[in-house]
Amino acid sequence: MYFTGIIIAVMTFLTIGIWHPIVIKTEYYWGTRPWILYLLVGICCCVAALFIANIYLSSFLGVFGASALWGIGELFSQKKRVEKGWFPKNPNRK
């Protein structure tokens, strides 16, 4: 039996699951300003995935990078969700 696909699926699921609270906490503490950091991390991870022969590490970096890039849009969507009152606004941040 080959478990490569299942292992990559679990890594993908966990990576996407980890990014959800990262986006929420980023918007809460710093707003949308760190979007450029998400862009740099996403590009670096995706490029690194192209040069790594290990299927697991390459897959993880590709998914992590794509999730970081997707997180840029989610960061701005989270800002709108906070403005609608769906998530708490940080009272210490202006």
# chains A, B, ... in the order shown; residues from 1 in each chain; ligands from 1

call {"tool": "select_by_dssp", "arguments": {"residues": "chain A", "states": "alpha helix (DSSP H)", "output": "ChimeraX atom specification"}}
result
/A:4-30,35-50,55-83

call {"tool": "residues_around", "arguments": {"residues": "segment 36-52 of chain A", "least_positions_apart": "4", "cutoff": "9 Å", "atoms": "only C-alpha atoms", "output": "number ranges by chain"}}
result
A: 57-72

call {"tool": "residues_around", "arguments": {"residues": "Lys79 of chain A", "least_positions_apart": "4", "cutoff": "8 Å", "atoms": "only C-alpha atoms", "output": "short mmCIF file (atom, residue, chain, number, x, y, z; two decimals) with C-alpha atoms, in the first residue's frame"}}
result
data_model
loop_
_atom_site.label_atom_id
_atom_site.label_comp_id
_atom_site.auth_asym_id
_atom_site.auth_seq_id
_atom_site.Cartn_x
_atom_site.Cartn_y
_atom_site.Cartn_z
CA GLU A 27 -5.58 41.05 11.63
CA GLY A 31 -4.36 44.82 10.83
CA THR A 32 -3.68 44.26 7.13
CA LEU A 75 -6.52 39.04 5.69
CA GLU A 83 -15.99 45.80 10.54
#

call {"tool": "residues_around", "arguments": {"residues": "Lys89 of chain A", "least_positions_apart": "5", "cutoff": "12 Å", "atoms": "only C-alpha atoms", "output": "PDB file with all heavy atoms, in the first residue's frame"}}
result
ATOM      1  N   ILE A  24      -6.505  35.343  11.478  1.00  0.00           N
ATOM      2  CA  ILE A  24      -7.356  36.030  12.461  1.00  0.00           C
ATOM      3  C   ILE A  24      -6.491  36.806  13.459  1.00  0.00           C
ATOM      4  O   ILE A  24      -6.751  37.981  13.742  1.00  0.00           O
ATOM      5  CB  ILE A  24      -8.278  35.035  13.177  1.00  0.00           C
ATOM      6  CG1 ILE A  24      -9.307  34.488  12.186  1.00  0.00           C
ATOM      7  CG2 ILE A  24      -8.970  35.684  14.375  1.00  0.00           C
ATOM      8  CD1 ILE A  24     -10.132  33.339  12.717  1.00  0.00           C
ATOM      9  N   LYS A  25      -5.450  36.165  13.986  1.00  0.00           N
ATOM     10  CA  LYS A  25      -4.583  36.827  14.967  1.00  0.00           C
ATOM     11  C   LYS A  25      -3.778  37.968  14.323  1.00  0.00           C
ATOM     12  O   LYS A  25      -3.571  39.003  14.938  1.00  0.00           O
ATOM     13  CB  LYS A  25      -3.624  35.815  15.606  1.00  0.00           C
ATOM     14  CG  LYS A  25      -4.312  34.787  16.458  1.00  0.00           C
ATOM     15  CD  LYS A  25      -4.964  35.411  17.661  1.00  0.00           C
ATOM     16  CE  LYS A  25      -5.575  34.341  18.540  1.00  0.00           C
ATOM     17  NZ  LYS A  25      -6.346  34.895  19.643  1.00  0.00           N
ATOM     18  N   THR A  26      -3.343  37.771  13.086  1.00  0.00           N
ATOM     19  CA  THR A  26      -2.600  38.826  12.401  1.00  0.00           C
ATOM     20  C   THR A  26      -3.456  40.070  12.257  1.00  0.00           C
ATOM     21  O   THR A  26      -3.012  41.184  12.548  1.00  0.00           O
ATOM     22  CB  THR A  26      -2.138  38.349  11.006  1.00  0.00           C
ATOM     23  OG1 THR A  26      -1.289  37.209  11.162  1.00  0.00           O
ATOM     24  CG2 THR A  26      -1.387  39.440  10.273  1.00  0.00           C
ATOM     25  N   GLU A  27      -4.690  39.890  11.803  1.00  0.00           N
ATOM     26  CA  GLU A  27      -5.581  41.051  11.634  1.00  0.00           C
ATOM     27  C   GLU A  27      -5.880  41.688  12.980  1.00  0.00           C
ATOM     28  O   GLU A  27      -5.935  42.906  13.092  1.00  0.00           O
ATOM     29  CB  GLU A  27      -6.873  40.629  10.933  1.00  0.00           C
ATOM     30  CG  GLU A  27      -7.659  41.792  10.345  1.00  0.00           C
ATOM     31  CD  GLU A  27      -8.347  42.670  11.380  1.00  0.00           C
ATOM     32  OE1 GLU A  27      -8.818  42.125  12.411  1.00  0.00           O
ATOM     33  OE2 GLU A  27      -8.412  43.893  11.182  1.00  0.00           O
ATOM     34  N   TYR A  28      -6.050  40.893  14.018  1.00  0.00           N
ATOM     35  CA  TYR A  28      -6.386  41.421  15.331  1.00  0.00           C
ATOM     36  C   TYR A  28      -5.252  42.298  15.878  1.00  0.00           C
ATOM     37  O   TYR A  28      -5.499  43.379  16.397  1.00  0.00           O
ATOM     38  CB  TYR A  28      -6.666  40.272  16.307  1.00  0.00           C
ATOM     39  CG  TYR A  28      -7.121  40.728  17.671  1.00  0.00           C
ATOM     40  CD1 TYR A  28      -8.445  41.109  17.892  1.00  0.00           C
ATOM     41  CD2 TYR A  28      -6.245  40.794  18.745  1.00  0.00           C
ATOM     42  CE1 TYR A  28      -8.874  41.534  19.147  1.00  0.00           C
ATOM     43  CE2 TYR A  28      -6.654  41.210  19.990  1.00  0.00           C
ATOM     44  CZ  TYR A  28      -7.974  41.579  20.185  1.00  0.00           C
ATOM     45  OH  TYR A  28      -8.386  41.996  21.430  1.00  0.00           O
ATOM     46  N   TYR A  29      -4.015  41.828  15.772  1.00  0.00           N
ATOM     47  CA  TYR A  29      -2.895  42.551  16.376  1.00  0.00           C
ATOM     48  C   TYR A  29      -2.253  43.595  15.460  1.00  0.00           C
ATOM     49  O   TYR A  29      -1.767  44.615  15.940  1.00  0.00           O
ATOM     50  CB  TYR A  29      -1.826  41.565  16.855  1.00  0.00           C
ATOM     51  CG  TYR A  29      -2.273  40.781  18.063  1.00  0.00           C
ATOM     52  CD1 TYR A  29      -2.571  39.442  17.963  1.00  0.00           C
ATOM     53  CD2 TYR A  29      -2.421  41.409  19.299  1.00  0.00           C
ATOM     54  CE1 TYR A  29      -3.003  38.720  19.071  1.00  0.00           C
ATOM     55  CE2 TYR A  29      -2.845  40.711  20.408  1.00  0.00           C
ATOM     56  CZ  TYR A  29      -3.136  39.360  20.291  1.00  0.00           C
ATOM     57  OH  TYR A  29      -3.568  38.660  21.384  1.00  0.00           O
ATOM     58  N   TRP A  30      -2.222  43.335  14.144  1.00  0.00           N
ATOM     59  CA  TRP A  30      -1.494  44.235  13.254  1.00  0.00           C
ATOM     60  C   TRP A  30      -2.310  44.760  12.087  1.00  0.00           C
ATOM     61  O   TRP A  30      -1.789  45.520  11.273  1.00  0.00           O
ATOM     62  CB  TRP A  30      -0.246  43.536  12.715  1.00  0.00           C
ATOM     63  CG  TRP A  30       0.705  43.177  13.803  1.00  0.00           C
ATOM     64  CD1 TRP A  30       1.475  44.015  14.543  1.00  0.00           C
ATOM     65  CD2 TRP A  30       0.973  41.863  14.293  1.00  0.00           C
ATOM     66  NE1 TRP A  30       2.207  43.310  15.466  1.00  0.00           N
ATOM     67  CE2 TRP A  30       1.913  41.976  15.331  1.00  0.00           C
ATOM     68  CE3 TRP A  30       0.503  40.587  13.962  1.00  0.00           C
ATOM     69  CZ2 TRP A  30       2.395  40.879  16.027  1.00  0.00           C
ATOM     70  CZ3 TRP A  30       0.988  39.500  14.658  1.00  0.00           C
ATOM     71  CH2 TRP A  30       1.923  39.659  15.669  1.00  0.00           C
ATOM     72  N   GLY A  31      -3.546  44.369  11.955  1.00  0.00           N
ATOM     73  CA  GLY A  31      -4.359  44.817  10.828  1.00  0.00           C
ATOM     74  C   GLY A  31      -3.925  44.131   9.537  1.00  0.00           C
ATOM     75  O   GLY A  31      -3.481  42.992   9.545  1.00  0.00           O
ATOM     76  N   GLN A  78     -10.924  39.309   6.421  1.00  0.00           N
ATOM     77  CA  GLN A  78     -11.063  39.320   7.875  1.00  0.00           C
ATOM     78  C   GLN A  78     -11.289  40.736   8.379  1.00  0.00           C
ATOM     79  O   GLN A  78     -12.076  40.961   9.296  1.00  0.00           O
ATOM     80  CB  GLN A  78      -9.826  38.705   8.545  1.00  0.00           C
ATOM     81  CG  GLN A  78      -9.874  38.669  10.051  1.00  0.00           C
ATOM     82  CD  GLN A  78     -10.952  37.771  10.615  1.00  0.00           C
ATOM     83  OE1 GLN A  78     -11.493  36.929   9.919  1.00  0.00           O
ATOM     84  NE2 GLN A  78     -11.264  37.939  11.875  1.00  0.00           N
ATOM     85  N   LYS A  79     -10.630  41.701   7.761  1.00  0.00           N
ATOM     86  CA  LYS A  79     -10.840  43.102   8.138  1.00  0.00           C
ATOM     87  C   LYS A  79     -12.305  43.487   7.946  1.00  0.00           C
ATOM     88  O   LYS A  79     -12.903  44.143   8.795  1.00  0.00           O
ATOM     89  CB  LYS A  79      -9.943  44.012   7.295  1.00  0.00           C
ATOM     90  CG  LYS A  79     -10.110  45.477   7.590  1.00  0.00           C
ATOM     91  CD  LYS A  79      -9.240  46.324   6.684  1.00  0.00           C
ATOM     92  CE  LYS A  79      -9.501  47.800   6.938  1.00  0.00           C
ATOM     93  NZ  LYS A  79      -8.758  48.655   6.017  1.00  0.00           N
ATOM     94  N   LYS A  80     -12.896  43.049   6.836  1.00  0.00           N
ATOM     95  CA  LYS A  80     -14.309  43.334   6.574  1.00  0.00           C
ATOM     96  C   LYS A  80     -15.214  42.616   7.572  1.00  0.00           C
ATOM     97  O   LYS A  80     -16.228  43.168   8.010  1.00  0.00           O
ATOM     98  CB  LYS A  80     -14.675  42.941   5.152  1.00  0.00           C
ATOM     99  CG  LYS A  80     -14.015  43.810   4.104  1.00  0.00           C
ATOM    100  CD  LYS A  80     -14.358  43.353   2.712  1.00  0.00           C
ATOM    101  CE  LYS A  80     -13.600  44.185   1.685  1.00  0.00           C
ATOM    102  NZ  LYS A  80     -13.790  43.691   0.327  1.00  0.00           N
ATOM    103  N   ARG A  81     -14.839  41.391   7.934  1.00  0.00           N
ATOM    104  CA  ARG A  81     -15.640  40.643   8.919  1.00  0.00           C
ATOM    105  C   ARG A  81     -15.610  41.333  10.278  1.00  0.00           C
ATOM    106  O   ARG A  81     -16.619  41.376  10.987  1.00  0.00           O
ATOM    107  CB  ARG A  81     -15.141  39.201   9.017  1.00  0.00           C
ATOM    108  CG  ARG A  81     -15.442  38.372   7.786  1.00  0.00           C
ATOM    109  CD  ARG A  81     -15.132  36.910   7.998  1.00  0.00           C
ATOM    110  NE  ARG A  81     -13.728  36.602   7.954  1.00  0.00           N
ATOM    111  CZ  ARG A  81     -13.081  36.162   6.881  1.00  0.00           C
ATOM    112  NH1 ARG A  81     -13.715  35.996   5.730  1.00  0.00           N
ATOM    113  NH2 ARG A  81     -11.793  35.888   6.947  1.00  0.00           N
ATOM    114  N   VAL A  82     -14.449  41.910  10.629  1.00  0.00           N
ATOM    115  CA  VAL A  82     -14.335  42.647  11.896  1.00  0.00           C
ATOM    116  C   VAL A  82     -15.203  43.902  11.833  1.00  0.00           C
ATOM    117  O   VAL A  82     -15.905  44.228  12.802  1.00  0.00           O
ATOM    118  CB  VAL A  82     -12.855  42.998  12.189  1.00  0.00           C
ATOM    119  CG1 VAL A  82     -12.749  43.997  13.338  1.00  0.00           C
ATOM    120  CG2 VAL A  82     -12.064  41.741  12.494  1.00  0.00           C
ATOM    121  N   GLU A  83     -15.173  44.591  10.689  1.00  0.00           N
ATOM    122  CA  GLU A  83     -15.986  45.800  10.539  1.00  0.00           C
ATOM    123  C   GLU A  83     -17.479  45.490  10.640  1.00  0.00           C
ATOM    124  O   GLU A  83     -18.254  46.320  11.114  1.00  0.00           O
ATOM    125  CB  GLU A  83     -15.673  46.476   9.205  1.00  0.00           C
ATOM    126  CG  GLU A  83     -14.298  47.112   9.162  1.00  0.00           C
ATOM    127  CD  GLU A  83     -13.884  47.537   7.763  1.00  0.00           C
ATOM    128  OE1 GLU A  83     -14.629  47.248   6.785  1.00  0.00           O
ATOM    129  OE2 GLU A  83     -12.810  48.143   7.635  1.00  0.00           O
ATOM    130  N   LYS A  84     -17.880  44.310  10.201  1.00  0.00           N
ATOM    131  CA  LYS A  84     -19.293  43.900  10.296  1.00  0.00           C
ATOM    132  C   LYS A  84     -19.657  43.441  11.707  1.00  0.00           C
ATOM    133  O   LYS A  84     -20.826  43.227  11.990  1.00  0.00           O
ATOM    134  CB  LYS A  84     -19.573  42.760   9.322  1.00  0.00           C
ATOM    135  CG  LYS A  84     -19.509  43.166   7.874  1.00  0.00           C
ATOM    136  CD  LYS A  84     -19.773  41.966   6.981  1.00  0.00           C
ATOM    137  CE  LYS A  84     -19.662  42.339   5.508  1.00  0.00           C
ATOM    138  NZ  LYS A  84     -19.862  41.167   4.632  1.00  0.00           N
ATOM    139  N   LYS A  94      -5.346  51.208  16.696  1.00  0.00           N
ATOM    140  CA  LYS A  94      -6.125  52.274  16.069  1.00  0.00           C
ATOM    141  C   LYS A  94      -6.300  51.997  14.608  1.00  0.00           C
ATOM    142  O   LYS A  94      -5.581  51.336  13.955  1.00  0.00           O
ATOM    143  CB  LYS A  94      -5.437  53.610  16.254  1.00  0.00           C
ATOM    144  CG  LYS A  94      -5.419  54.040  17.689  1.00  0.00           C
ATOM    145  CD  LYS A  94      -4.756  55.383  17.846  1.00  0.00           C
ATOM    146  CE  LYS A  94      -4.769  55.783  19.307  1.00  0.00           C
ATOM    147  NZ  LYS A  94      -4.185  57.056  19.550  1.00  0.00           N
TER     148      LYS A  94
END
